[in-house]
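Novice: Before I ask anything, here is the structure I am working with.
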Amino acid sequence: AVVPVVDLQSRLGRADSAIGKRSCIVILATEQAQGPQVIGVLVDAVNAVIELADQDIEAAPSFGTHIRRDLLRGMGKVGERFVVLLEMEQVLQVDEIAGNTDALAA
């Protein structure tokens with residue numbers, strides 16, 4: 001099967017990703033209005049795959065980020081640092097991506 005790939009940097013309104021040795025495509029299964037959808041997401045690197053408990057997730061900040069608020073799920077606490085959590089169903093809205101073909105990687 002062919003899996004469409006979205007450049008996450010481009011989708012978040014930044015410059016297109018530069019493909020490097022650590023670049024990865026993360027395969028995600030999301031629920032869309034049209035039904036289940038499998039989509040690849042091009043990212044700069046994957047350092048770890050972690051599982052967060054609900055108590056380790058805080059509300060998304062209302063300021064201090066260049067990411068659209070509707071794309072944020074919250075902030076995850078990992079040890080002593082925080083990581084941004086994206087609302088992937090929103091990030092991967094097929095209809096919105098289809099209108100922005102620059103977000104689709106070749």
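Each chain in the structure tokens gets a letter, A, B and so on, in the order shown; residues start at 1 in every chain, and ligands are counted from 1 in the order they appear.
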I need the helix (DSSP H, G or I) residues of chain A per DSSP on the backbone, written as an MDAnalysis selection string.
Specialist: chainID A and resid 8:11 54:56 69:71 88:91 94:98 101:103
Novice: What lies within 8 Å of Leu86 (chain A) using only C-alpha atoms, ignoring chain neighbours under 4 positions off, as a VMD selection string?
Specialist: chain A and resid 71 to 74 91
Novice: May I have the selected residues written with C-alpha atoms, as a PDB file, in the first residue's frame?
Specialist:
```pdb
ATOM      1  CA  LEU A  71      -2.490  21.746  17.051  1.00  0.00           C
ATOM      2  CA  LEU A  72      -1.267  21.467  20.667  1.00  0.00           C
ATOM      3  CA  ARG A  73      -2.442  18.788  23.069  1.00  0.00           C
ATOM      4  CA  GLY A  74      -0.340  19.931  26.010  1.00  0.00           C
ATOM      5  CA  VAL A  91      -2.128  18.081  12.706  1.00  0.00           C
TER       6      VAL A  91
END
```
Novice: Just want the 10 Å neighbourhood of Val43 (chain A), counted on only C-alpha atoms, with same-chain residues fewer than 3 positions away dropped. Output as number ranges by chain.
Specialist: A: 6-9, 17-19, 22-26, 40, 46
Novice: Tell me, in Å to one decimal, how far CA of Gly20 (chain A) is from CA of Leu42 (chain A).
Specialist: 11.1 Å
Novice: Could you pull the residues within 10 Å of Leu52 (chain A), counting only C-alpha atoms, minus those fewer than 3 positions along the same chain, as a ChimeraX atom specification?
Specialist: /A:55-57,76-78
Novice: Would you write out those residues with C-alpha atoms, as a PDB file, in the first residue's frame?
Specialist:
```
ATOM      1  CA  GLN A  55      -0.854  13.191  35.495  1.00  0.00           C
ATOM      2  CA  ASP A  56       2.347  13.952  33.535  1.00  0.00           C
ATOM      3  CA  ILE A  57       0.458  15.992  30.916  1.00  0.00           C
ATOM      4  CA  GLY A  76       4.442  16.411  28.845  1.00  0.00           C
ATOM      5  CA  LYS A  77       6.806  16.171  31.795  1.00  0.00           C
ATOM      6  CA  VAL A  78       9.639  13.728  31.148  1.00  0.00           C
TER       7      VAL A  78
END
```
Novice: Write out as a list in words the residues lying within 10 Å of Ala29 (chain A), counting only C-alpha atoms and excluding same-chain residues fewer than 6 positions away.
Specialist: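 The residues that qualify are Pro36, Gln37, Val38, Ile39, Gly40, Met88 and Glu89 of chain A.
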Novice: Write to file, as a short mmCIF file (atom, residue, chain, number, x, y, z; two decimals), in the first residue's frame, the residues of the selection just made, with N, CA and C atoms.
Specialist:
```
data_model
loop_
_atom_site.label_atom_id
_atom_site.label_comp_id
_atom_site.auth_asym_id
_atom_site.auth_seq_id
_atom_site.Cartn_x
_atom_site.Cartn_y
_atom_site.Cartn_z
N PRO A 36 -10.63 5.46 9.08
CA PRO A 36 -9.23 5.31 9.49
C PRO A 36 -8.28 5.71 8.36
N GLN A 37 -7.19 6.37 8.72
CA GLN A 37 -6.22 6.83 7.73
C GLN A 37 -4.82 6.54 8.25
N VAL A 38 -3.97 5.95 7.43
CA VAL A 38 -2.57 5.72 7.78
C VAL A 38 -1.76 6.79 7.06
N ILE A 39 -0.96 7.53 7.83
CA ILE A 39 -0.18 8.64 7.29
C ILE A 39 1.23 8.58 7.86
N GLY A 40 2.22 8.87 7.03
CA GLY A 40 3.60 9.00 7.48
C GLY A 40 3.90 10.45 7.79
N MET A 88 -2.40 15.03 17.18
CA MET A 88 -2.12 14.52 15.85
C MET A 88 -3.34 14.44 14.95
N GLU A 89 -4.52 14.22 15.50
CA GLU A 89 -5.71 14.22 14.64
C GLU A 89 -5.89 15.59 13.99
#
```
Novice: Identify, with DSSP run on backbone atoms, the residues in chain A assigned to strand (DSSP E or B), and express the list as an MDAnalysis selection string.
Specialist: chainID A and resid 5:7 24:32 35:43 57:58 72:78 81:86 104
